[in-house]
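Colleague: As input, take entry_19.cif (mmCIF, C-alpha atoms and all ligand atoms):
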data_protein
loop_
_atom_site.label_atom_id
_atom_site.label_comp_id
_atom_site.auth_asym_id
_atom_site.auth_seq_id
_atom_site.Cartn_x
_atom_site.Cartn_y
_atom_site.Cartn_z
CA MET A 12 -30.25 26.61 19.46
CA PRO A 13 -28.52 23.57 20.93
CA ILE A 14 -29.97 22.08 24.07
CA ARG A 15 -28.08 20.38 26.84
CA ALA A 16 -28.61 16.71 27.67
CA GLY A 17 -30.26 17.57 31.00
CA GLU A 18 -32.69 19.96 29.34
CA TRP A 19 -34.12 17.50 26.86
CA LEU A 20 -34.56 14.99 29.64
CA ALA A 21 -36.43 17.62 31.67
CA HIS A 22 -38.57 18.51 28.64
CA GLY A 23 -39.25 14.89 27.89
CA SER A 24 -38.16 15.42 24.32
CA GLN A 25 -35.60 13.57 22.27
CA PRO A 26 -32.33 15.23 21.38
CA GLU A 27 -31.59 15.98 17.76
CA TRP A 28 -28.31 14.17 17.99
CA THR A 29 -27.59 10.51 18.56
CA MET A 30 -24.42 8.73 19.47
CA THR A 31 -23.48 5.59 17.57
CA VAL A 32 -20.96 3.20 19.05
CA VAL A 33 -18.93 1.71 16.23
CA GLU A 34 -17.14 -1.46 17.11
CA LYS A 35 -13.78 -1.88 15.43
CA THR A 36 -13.79 -4.91 13.19
CA GLN A 37 -10.53 -6.78 13.28
CA GLY A 38 -8.70 -6.67 10.00
CA ALA A 39 -11.42 -4.67 8.22
CA PRO A 40 -10.23 -2.10 5.69
CA ARG A 41 -10.38 1.44 7.05
CA ASP A 42 -12.94 3.35 5.00
CA ALA A 43 -11.42 1.86 1.92
CA GLY A 44 -14.49 2.56 -0.19
CA PRO A 45 -14.03 2.04 -3.91
CA LEU A 46 -10.26 1.81 -3.47
CA ALA A 47 -10.71 -1.75 -2.25
CA GLU A 48 -11.99 -2.68 -5.69
CA LEU A 49 -8.76 -1.59 -7.38
CA ASP A 50 -6.02 -4.05 -8.22
CA ASP A 51 -2.49 -3.47 -6.97
CA HIS A 52 -1.53 -1.33 -9.96
CA GLY A 53 -4.61 0.83 -9.42
CA LEU A 54 -3.79 1.24 -5.76
CA VAL A 55 -0.23 2.27 -6.61
CA ALA A 56 -1.59 4.89 -9.02
CA ALA A 57 -4.03 6.15 -6.39
CA CYS A 58 -1.26 6.34 -3.83
CA LEU A 59 0.97 8.28 -6.23
CA ALA A 60 -1.93 10.65 -6.73
CA GLY A 61 -1.98 11.40 -3.03
CA ARG A 62 -4.24 8.73 -1.56
CA ARG A 63 -2.26 7.44 1.40
CA ASP A 64 -5.09 5.10 2.32
CA ALA A 65 -4.44 3.24 -0.94
CA PHE A 66 -1.09 2.25 0.48
CA ASP A 67 -2.80 0.95 3.62
CA LEU A 68 -4.70 -1.44 1.40
CA LEU A 69 -1.51 -2.57 -0.32
CA VAL A 70 -0.02 -3.25 3.10
CA ASP A 71 -3.08 -5.26 4.10
CA ARG A 72 -2.82 -7.35 0.96
CA HIS A 73 0.88 -8.11 1.17
CA LYS A 74 1.83 -7.94 4.85
CA ARG A 75 1.63 -11.66 5.37
CA SER A 76 3.90 -12.62 2.49
CA VAL A 77 6.35 -9.84 3.37
CA TYR A 78 6.45 -10.92 7.01
CA LEU A 79 6.98 -14.58 6.07
CA LEU A 80 9.75 -13.63 3.66
CA CYS A 81 11.48 -11.61 6.37
CA TYR A 82 11.00 -14.39 8.89
CA ARG A 83 12.63 -16.87 6.50
CA PHE A 84 15.68 -14.66 6.35
CA VAL A 85 16.07 -13.58 9.97
CA GLY A 86 14.32 -16.32 11.94
CA THR A 87 12.81 -14.24 14.77
CA HIS A 88 9.41 -12.64 15.08
CA GLU A 89 10.78 -9.32 16.34
CA ASP A 90 13.28 -8.95 13.52
CA ALA A 91 10.77 -10.08 10.91
CA SER A 92 8.28 -7.54 12.24
CA ASP A 93 10.83 -4.70 12.12
CA LEU A 94 12.01 -5.70 8.67
CA SER A 95 8.46 -5.94 7.35
CA GLN A 96 7.85 -2.35 8.39
CA ASP A 97 11.12 -1.36 6.75
CA VAL A 98 10.17 -3.13 3.51
CA PHE A 99 6.85 -1.29 3.31
CA LEU A 100 8.42 2.03 4.19
CA ARG A 101 11.01 1.61 1.44
CA ALA A 102 8.30 0.56 -0.97
CA TYR A 103 6.33 3.70 -0.10
CA ARG A 104 9.33 5.95 -0.59
CA GLY A 105 10.20 4.29 -3.88
CA LEU A 106 6.67 3.90 -5.21
CA ARG A 107 7.40 6.21 -8.13
CA ARG A 108 9.98 3.74 -9.35
CA PHE A 109 7.42 0.93 -9.59
CA ARG A 110 6.94 0.69 -13.35
CA GLY A 111 4.31 -2.01 -13.36
CA ASP A 112 6.43 -4.32 -15.56
CA SER A 113 6.23 -6.95 -12.84
CA SER A 114 3.52 -7.56 -10.29
CA PHE A 115 3.54 -5.37 -7.20
CA ALA A 116 4.19 -8.52 -5.14
CA THR A 117 7.34 -9.31 -7.13
CA TRP A 118 8.53 -5.73 -6.78
CA LEU A 119 7.89 -5.95 -3.06
CA TYR A 120 9.84 -9.24 -2.89
CA ARG A 121 12.78 -7.54 -4.52
CA ILE A 122 12.78 -4.82 -1.86
CA GLY A 123 12.23 -7.44 0.82
CA VAL A 124 15.20 -9.54 -0.31
CA ASN A 125 17.48 -6.49 -0.36
CA VAL A 126 16.34 -5.32 3.07
CA CYS A 127 16.71 -8.81 4.55
CA LEU A 128 20.09 -9.53 3.02
CA ASN A 129 21.39 -6.18 4.26
CA ARG A 130 20.17 -6.94 7.76
CA VAL A 131 21.47 -10.51 7.71
CA SER A 132 24.92 -9.43 6.56
CA MET A 133 25.03 -6.96 9.46
CA ARG A 134 23.98 -9.56 12.00
CA GLN A 135 26.08 -12.69 11.73
CA PRO A 136 25.87 -15.33 12.99
CA LEU A 137 22.15 -15.87 12.63
CA GLN A 138 22.12 -19.34 14.23
CA ARG A 139 22.06 -17.78 17.70
CA SER A 140 18.67 -16.24 17.13
CA LEU A 141 17.32 -19.45 15.61
CA ASP A 142 18.01 -21.29 18.86
CA GLU A 143 16.35 -18.57 20.91
CA MET A 144 13.34 -18.33 18.64
CA PRO A 145 10.04 -18.96 20.40
CA ASN A 146 7.81 -21.41 18.61
CA LEU A 147 4.32 -20.00 18.33
CA ALA A 148 2.99 -22.67 15.99
CA ALA A 149 -0.27 -24.41 16.77
CA PRO A 150 0.29 -27.05 19.45
CA GLN A 151 0.56 -30.62 18.22
CA ALA A 152 -1.67 -33.30 19.67
CA ASP A 153 1.36 -35.41 20.54
CA PRO A 154 4.00 -33.41 22.46
CA ALA A 155 6.76 -35.81 21.39
CA VAL A 156 5.89 -35.38 17.72
CA ALA A 157 5.70 -31.64 18.21
CA LEU A 158 9.15 -31.61 19.79
CA VAL A 159 10.66 -33.57 16.92
CA ARG A 160 9.03 -31.33 14.34
CA ARG A 161 10.19 -28.20 16.13
CA GLU A 162 13.72 -29.49 16.29
CA GLU A 163 13.63 -30.50 12.63
CA ALA A 164 12.29 -27.06 11.68
CA ARG A 165 15.02 -25.38 13.69
CA ARG A 166 17.73 -27.46 12.00
CA VAL A 167 16.42 -26.67 8.53
CA ARG A 168 16.15 -22.94 9.26
CA ALA A 169 19.66 -22.94 10.68
CA ALA A 170 20.95 -24.71 7.58
CA VAL A 171 19.12 -22.35 5.22
CA ALA A 172 20.61 -19.40 7.11
CA ARG A 173 24.10 -20.71 6.34
CA LEU A 174 23.59 -20.84 2.58
CA PRO A 175 25.27 -18.24 0.37
CA ARG A 176 23.00 -15.23 -0.23
CA LYS A 177 21.91 -15.97 -3.79
CA GLN A 178 21.24 -19.63 -3.07
CA ARG A 179 19.32 -18.78 0.09
CA THR A 180 17.24 -16.19 -1.70
CA ALA A 181 16.41 -18.49 -4.61
CA LEU A 182 15.46 -21.29 -2.22
CA ILE A 183 13.28 -19.11 0.04
CA LEU A 184 11.40 -17.51 -2.84
CA ARG A 185 10.92 -20.81 -4.68
CA VAL A 186 10.12 -23.18 -1.82
CA TYR A 187 8.38 -20.98 0.73
CA HIS A 188 6.78 -18.37 -1.51
CA ASP A 189 6.13 -20.59 -4.50
CA LEU A 190 7.40 -17.92 -6.88
CA PRO A 191 8.01 -19.11 -10.47
CA HIS A 192 11.66 -19.03 -11.52
CA LYS A 193 10.85 -16.26 -13.96
CA GLU A 194 9.49 -14.01 -11.20
CA ILE A 195 12.42 -14.79 -8.95
CA ALA A 196 14.72 -13.82 -11.81
CA SER A 197 12.75 -10.58 -12.19
CA ALA A 198 12.90 -9.87 -8.47
CA LEU A 199 16.64 -10.52 -8.32
CA GLY A 200 17.49 -8.93 -11.65
CA THR A 201 19.07 -12.11 -13.03
CA SER A 202 18.34 -14.85 -15.57
CA VAL A 203 16.02 -17.81 -15.14
CA GLY A 204 18.95 -20.20 -15.75
CA ALA A 205 20.94 -18.54 -12.97
CA VAL A 206 18.01 -18.82 -10.58
CA LYS A 207 17.58 -22.51 -11.34
CA ALA A 208 21.29 -23.14 -10.90
CA ASN A 209 21.26 -21.30 -7.57
CA PHE A 210 18.23 -23.28 -6.49
CA PHE A 211 19.94 -26.55 -7.40
CA HIS A 212 23.11 -25.66 -5.47
CA ALA A 213 21.03 -24.43 -2.52
CA LEU A 214 19.36 -27.83 -2.23
CA ALA A 215 22.64 -29.69 -2.73
CA ASN A 216 24.36 -27.63 -0.02
CA LEU A 217 21.37 -27.95 2.27
CA LYS A 218 21.64 -31.73 2.03
CA LYS A 219 25.30 -31.57 3.06
CA LEU A 220 24.63 -29.12 5.92
CA LEU A 221 21.77 -31.20 7.31
CA ALA A 222 23.86 -34.37 7.09
CA ALA A 223 26.74 -32.66 8.91
CA ASP A 224 24.36 -31.40 11.58
CA THR A 225 22.97 -34.92 12.09
CA ARG A 226 26.49 -36.33 12.43
CA SER A 227 27.53 -33.68 14.98
CA GLY A 228 24.30 -34.14 16.93
CA SER A 229 24.49 -37.93 17.18
CA MET B 1 27.45 -38.84 -22.74
CA LYS B 2 26.40 -35.41 -21.52
CA HIS B 3 24.63 -35.37 -18.14
CA LEU B 4 21.90 -32.96 -17.17
CA SER B 5 22.86 -29.48 -16.04
CA PRO B 6 21.73 -28.19 -12.60
CA ALA B 7 18.94 -26.13 -14.24
CA GLN B 8 17.78 -29.18 -16.24
CA LEU B 9 17.77 -31.32 -13.09
CA VAL B 10 15.57 -28.70 -11.39
CA ASP B 11 13.19 -28.91 -14.35
CA VAL B 12 13.08 -32.71 -14.04
CA VAL B 13 12.37 -32.55 -10.30
CA GLU B 14 9.68 -29.92 -10.80
CA GLY B 15 8.14 -31.85 -13.69
CA THR B 16 8.66 -29.14 -16.28
CA ALA B 17 11.40 -30.89 -18.30
CA GLY B 18 10.75 -32.06 -21.83
CA ASP B 19 10.52 -35.71 -22.89
CA THR B 20 14.19 -35.93 -23.93
CA LEU B 21 15.50 -34.76 -20.53
CA THR B 22 13.05 -36.96 -18.63
CA ALA B 23 14.03 -39.99 -20.69
CA HIS B 24 17.72 -39.30 -20.07
CA CYS B 25 17.17 -39.03 -16.33
CA ALA B 26 15.26 -42.30 -16.30
CA GLY B 27 18.06 -44.11 -18.14
CA CYS B 28 21.10 -42.49 -16.46
CA PRO B 29 21.90 -43.70 -12.90
CA ALA B 30 24.09 -40.64 -12.14
CA CYS B 31 21.41 -38.11 -13.11
CA ARG B 32 18.65 -40.16 -11.49
CA THR B 33 20.54 -40.28 -8.19
CA LYS B 34 21.03 -36.50 -8.26
CA ALA B 35 17.37 -35.95 -9.03
CA ASP B 36 16.29 -38.28 -6.20
CA GLU B 37 18.54 -36.49 -3.70
CA LEU B 38 17.16 -33.19 -4.86
CA ARG B 39 13.57 -34.36 -4.32
CA ALA B 40 14.35 -35.67 -0.83
CA THR B 41 15.99 -32.43 0.30
CA LEU B 42 13.17 -30.44 -1.24
CA ALA B 43 10.63 -32.46 0.76
CA VAL B 44 12.47 -31.84 4.05
CA THR B 45 12.85 -28.12 3.29
CA SER B 46 9.25 -27.63 2.18
CA ALA B 47 7.87 -29.15 5.37
CA ASN B 48 9.41 -26.34 7.39
CA GLU B 49 6.69 -23.98 8.55
CA VAL B 50 7.03 -20.53 10.01
CA PRO B 51 5.52 -20.17 13.49
CA GLU B 52 2.20 -18.42 13.09
CA PRO B 53 2.19 -15.10 14.94
CA SER B 54 -0.74 -13.99 17.06
CA PRO B 55 -3.81 -12.96 15.01
CA LEU B 56 -3.55 -9.52 16.61
CA PHE B 57 -0.11 -9.11 15.13
CA TRP B 58 -1.40 -8.44 11.60
CA ASP B 59 -3.43 -5.42 12.67
CA HIS B 60 -0.49 -4.27 14.74
CA LEU B 61 1.80 -4.51 11.73
CA SER B 62 -0.65 -2.52 9.56
CA ALA B 63 -0.86 0.18 12.23
CA ARG B 64 2.94 0.33 12.56
CA VAL B 65 3.43 0.74 8.85
CA ALA B 66 0.62 3.32 8.63
CA ARG B 67 2.24 5.38 11.40
CA ALA B 68 5.63 5.21 9.72
CA VAL B 69 4.17 6.17 6.36
CA ARG B 70 2.24 9.13 7.82
CA ASP B 71 5.56 10.85 8.57
CA GLU B 72 6.68 10.49 4.97
CA PRO B 73 5.93 12.94 2.18
CA VAL B 74 3.36 11.70 -0.31
CA PRO B 75 5.20 9.83 -3.07
CA GLY B 76 4.66 10.71 -6.70
CA ALA B 77 5.11 13.74 -8.87
CA TRP B 78 3.09 16.90 -8.31
CA TRP B 79 1.10 16.51 -11.51
CA GLN B 80 0.05 13.03 -10.43
CA ARG B 81 -1.11 14.32 -7.06
CA TRP B 82 -2.91 17.20 -8.80
CA THR B 83 -5.22 14.87 -10.65
CA TRP B 84 -6.75 13.41 -7.49
CA GLN B 85 -6.47 16.16 -4.93
CA TRP B 86 -7.49 19.05 -7.10
CA VAL B 87 -10.15 17.45 -9.21
CA PRO B 88 -13.02 18.51 -6.89
CA LEU B 89 -11.63 22.03 -6.60
CA SER B 90 -10.91 22.46 -10.27
CA ALA B 91 -14.33 21.02 -11.11
CA ALA B 92 -15.92 23.57 -8.77
CA ALA B 93 -13.86 26.33 -10.35
CA MET B 94 -14.97 25.23 -13.83
CA VAL B 95 -18.60 25.26 -12.71
CA LEU B 96 -18.18 28.78 -11.31
CA ILE B 97 -16.55 29.98 -14.50
CA ALA B 98 -19.28 28.35 -16.59
CA VAL B 99 -21.99 29.92 -14.41
CA GLY B 100 -20.21 33.26 -14.66
CA PHE B 101 -20.11 33.05 -18.44
CA GLY B 102 -23.69 31.90 -18.53
CA VAL B 103 -24.88 34.81 -16.44
CA SER B 104 -22.92 37.32 -18.50
CA TRP B 105 -24.12 35.84 -21.80
CA ARG B 106 -27.71 35.71 -20.59
CA GLY B 107 -27.50 39.32 -19.50
CA ILE B 108 -26.19 40.39 -22.86
CA SER B 109 -28.82 38.35 -24.69
CA ILE B 110 -31.69 39.80 -22.67
CA VAL B 111 -30.58 43.38 -23.21
CA ALA B 112 -29.88 42.76 -26.89
CA SER B 113 -33.09 40.93 -27.74
CA HIS B 114 -35.61 43.05 -25.87
CA PRO B 115 -36.61 46.66 -26.64
CA ALA B 116 -36.11 48.88 -23.67
CA SER B 117 -39.84 49.37 -23.21
CA GLU B 118 -40.39 45.63 -22.65
CA LEU B 119 -38.00 45.48 -19.75
CA ALA B 120 -39.44 45.74 -16.32
CA LEU B 121 -38.93 49.20 -15.03
CA GLY B 122 -39.10 50.37 -11.52
CA PRO B 123 -39.10 53.80 -10.05
CA ALA B 124 -35.80 55.54 -9.56
CA VAL B 125 -34.69 54.37 -6.18
CA PRO B 126 -32.43 56.59 -4.12
CA LEU B 127 -29.28 54.51 -3.98
CA ASP B 128 -28.21 55.65 -0.58
CA GLY B 129 -31.22 53.79 0.81
CA ILE B 130 -30.16 50.41 -0.68
CA GLU B 131 -28.46 47.83 1.44
CA ARG B 132 -25.18 46.88 -0.14
CA LEU B 133 -24.19 43.24 -0.32
CA ASP B 134 -20.83 43.81 1.26
CA ALA B 135 -19.15 46.42 3.34
CA GLY B 136 -15.94 48.26 2.77
CA GLU B 137 -16.53 49.91 -0.60
CA SER B 138 -17.11 53.41 0.78
CA SER B 139 -13.78 54.38 -0.72
CA ASP B 140 -14.75 52.84 -4.05
CA VAL B 141 -14.46 55.75 -6.47
CA SER B 142 -16.50 54.15 -9.24
CA TRP B 143 -19.32 53.34 -6.85
CA THR B 144 -19.35 56.91 -5.65
CA LEU B 145 -19.35 58.20 -9.17
CA MET B 146 -22.16 55.92 -10.35
CA THR B 147 -24.24 56.65 -7.29
CA ASP B 148 -23.74 60.31 -7.77
CA LEU B 149 -24.67 60.19 -11.45
CA SER B 150 -27.61 57.83 -11.22
CA SER B 151 -29.21 59.57 -8.25
CA THR B 152 -29.88 62.58 -10.44
CA VAL B 153 -31.49 60.54 -13.26
CA ALA B 154 -35.21 59.79 -13.05
CA ALA B 155 -36.73 56.56 -14.39
CA ASP B 156 -38.93 58.28 -16.99
CA GLU B 157 -35.87 60.11 -18.35
CA THR B 158 -34.05 56.80 -18.89
CA LEU B 159 -37.16 55.37 -20.51
CA GLY B 160 -37.26 58.27 -22.88
CA ALA B 161 -33.63 57.64 -23.69
CA GLU B 162 -34.43 53.90 -24.26
CA LEU B 163 -32.02 52.85 -21.50
CA PRO B 164 -33.17 49.82 -19.55
CA VAL B 165 -33.02 50.59 -15.87
CA LEU B 166 -33.79 48.11 -13.15
CA PRO B 167 -33.88 48.97 -9.48
CA ASP B 168 -30.40 48.64 -8.08
CA ALA B 169 -29.07 47.91 -11.58
CA ALA B 170 -26.10 50.27 -11.38
CA ASP B 171 -25.24 48.95 -7.98
CA ARG B 172 -25.42 45.32 -9.12
CA ALA B 173 -23.46 46.04 -12.28
CA LEU B 174 -20.63 47.55 -10.28
CA HIS B 175 -20.46 44.43 -8.18
CA HIS B 176 -19.63 42.39 -11.26
CA LEU B 177 -16.90 44.69 -12.56
CA THR B 178 -13.28 43.93 -12.02
CA GLU B 179 -10.91 46.69 -11.01
CA PRO B 180 -9.62 47.32 -14.56
CA GLU B 181 -13.23 47.37 -15.80
CA GLN B 182 -14.18 49.90 -13.13
CA ALA B 183 -11.21 52.06 -14.10
CA GLU B 184 -12.25 51.86 -17.73
CA LEU B 185 -15.83 52.80 -16.83
CA ILE B 186 -14.61 55.85 -14.94
CA ARG B 187 -12.46 56.84 -17.89
CA ILE B 188 -15.41 56.53 -20.29
CA LEU B 189 -17.67 58.48 -17.98
CA HIS B 190 -15.08 61.20 -17.66
CA GLU B 191 -14.74 61.27 -21.43
CA GLU B 192 -18.50 61.44 -21.94
CA MET B 193 -19.22 64.00 -19.28
CA GLY B 194 -16.13 66.10 -19.56
CA PRO B 195 -14.10 67.57 -16.73
CA SER B 196 -17.33 68.67 -15.03
CA ALA B 197 -17.91 65.10 -13.80
CA ARG B 198 -17.21 65.40 -10.16
CA MET B 199 -16.06 62.69 -7.80
CA ALA B 200 -18.37 63.19 -4.90
CA PRO B 201 -17.84 61.14 -1.81
CA ARG B 202 -20.32 58.33 -1.35
CA PRO B 203 -23.35 59.51 0.64
CA ALA B 204 -23.38 58.20 4.14
CA ARG B 205 -25.84 55.33 4.67
CA LYS B 206 -28.38 55.29 7.43
ZN ZN C 301 23.08 -38.28 -16.89
#
Let me see whether you can do it: turn the structure in this file into structure tokens.

Modeller:
Amino acid sequence: MPIRAGEWLAHGSQPEWTMTVVEKTQGAPRDAGPLAELDDHGLVAACLAGRRDAFDLLVDRHKRSVYLLCYRFVGTHEDASDLSQDVFLRAYRGLRRFRGDSSFATWLYRIGVNVCLNRVSMRQPLQRSLDEMPNLAAPQADPAVALVRREEARRVRAAVARLPRKQRTALILRVYHDLPHKEIASALGTSVGAVKANFFHALANLKKLLAADTRSGS
Amino acid sequence: MKHLSPAQLVDVVEGTAGDTLTAHCAGCPACRTKADELRATLAVTSANEVPEPSPLFWDHLSARVARAVRDEPVPGAWWQRWTWQWVPLSAAAMVLIAVGFGVSWRGISIVASHPASELALGPAVPLDGIERLDAGESSDVSWTLMTDLSSTVAADETLGAELPVLPDAADRALHHLTEPEQAELIRILHEEMGPSARMAPRPARK
């Protein structure tokens, strides 16, 4: 028969139950168990078999790269955050279509690029948001240096945002995500030669855009 | 003289070009200039860092995605879901089936391998005094019939007939019969005992 808290105190006996306060650990996997030992392909299989928590682990593994990809395309934290959620949601819905021919990361990049390009094409011009973007980077020791670097970063992001879609995508995936040309080609469904050509033209156009920006600013 | 293509220039800048292309670039001012410009722009572009969001943001993003995903149906085909979700249940079902077979087989083996006299015999117990395992079978015709028949048979008579009888045996046996088996039992009993076999109502229990 259960006893009330007041009764065991009165009887001087200990209750049969105890209460444990569990402190939430930041960033710790939620009861991942043996799932955490699976690679991405294993987690996808587990998720397809009904383990939603397997998808949580996939999100934990790839959220940073997905967010950074989205940020490179849209240039604001709010938009990148929304788009990241959208990328993962689309990935979840389309998980059955992941064949495992490429890495899960590459597959996710492909979804990310499509989601971002769709958003960007709906929201032109992007330069407005780049100017309004808050800079949350770690503060520089020298405020003057920090200011110059921030301004330089803003100019580059603005210039990247003005590149044609394919060139922008090739440049972002190659420069900021360090993806090999072959994986970029896989993510974009094109050839390695085409990716390299787009990358070359992206850099050539970026040089022109930055030079034009310097001329107009001086 | 054929200059390097854009893809070949990218290879040179990234250091993955072969000796022939690298040698050409070194000896050709036009290609070298392009490659140098490419390197310079690449350096400016690479130095561009994304502002680091708050450390709390990453947990927030995970939670957002998890909430959004919770509203979605589980992806994957039904047979893929079956393997994970139903494995414990189907394993339990297999164990039950195996146990069921084991019990039946054991029962058959015991009866088959032992003469009736070796089996433990108890006195004929009036069945209406036995507590049933479950309620609700008062309308069970086969139970009524078996109770009615067995209550008139004494233990020494069954021994003489070499029929192994355990206390509550008829009762227990009926518990393990399916409906078709019970119907078949009634049919056999009717056949054996003729139309005189009566279907008495089950005696009321105290
Ligand atoms: Zn040349």

Colleague: Compute the set of chain A residues within 8 Å of chain B, using only C-alpha atoms, and express it as an MDAnalysis selection string.

Modeller: chainID A and resid 37:38 57:63 67 70:71 74:75 79 82:83 88 92 96 99:100 103:107 146:149 163:164 167:168 186:187 204:205 207:208 210:212 214:215 217:218

Colleague: Would you name the residues within 9 Å of ligand ZN 301 (chain C), counting only C-alpha atoms and all ligand atoms, and put them as number ranges by chain?

Modeller: B: 1-5, 24-32

Colleague: Which value, in Å to one decimal, gives the distance between atom CA of A:Ala169 and atom CA of B:Thr33?

Modeller: 25.6 Å

Colleague: Mind checking which residues fall within 10 Å of A:Val126, counting all atoms listed in the file, ignoring those fewer than 6 positions away in the same chain, and posting them as a PyMOL selection string?

Modeller: chain A and resi 81+84+94-95+97-98+101+120

Colleague: How many Å separate atom CA of B:Asp71 from atom CA of A:Ala91?

Modeller: 21.7 Å

Colleague: Have a look at atom CA of A:Asp112 and atom CA of A:Ala196 and let me know their distance in Å, one decimal.

Modeller: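 That distance, rounded to one decimal, is 13.2 Å.
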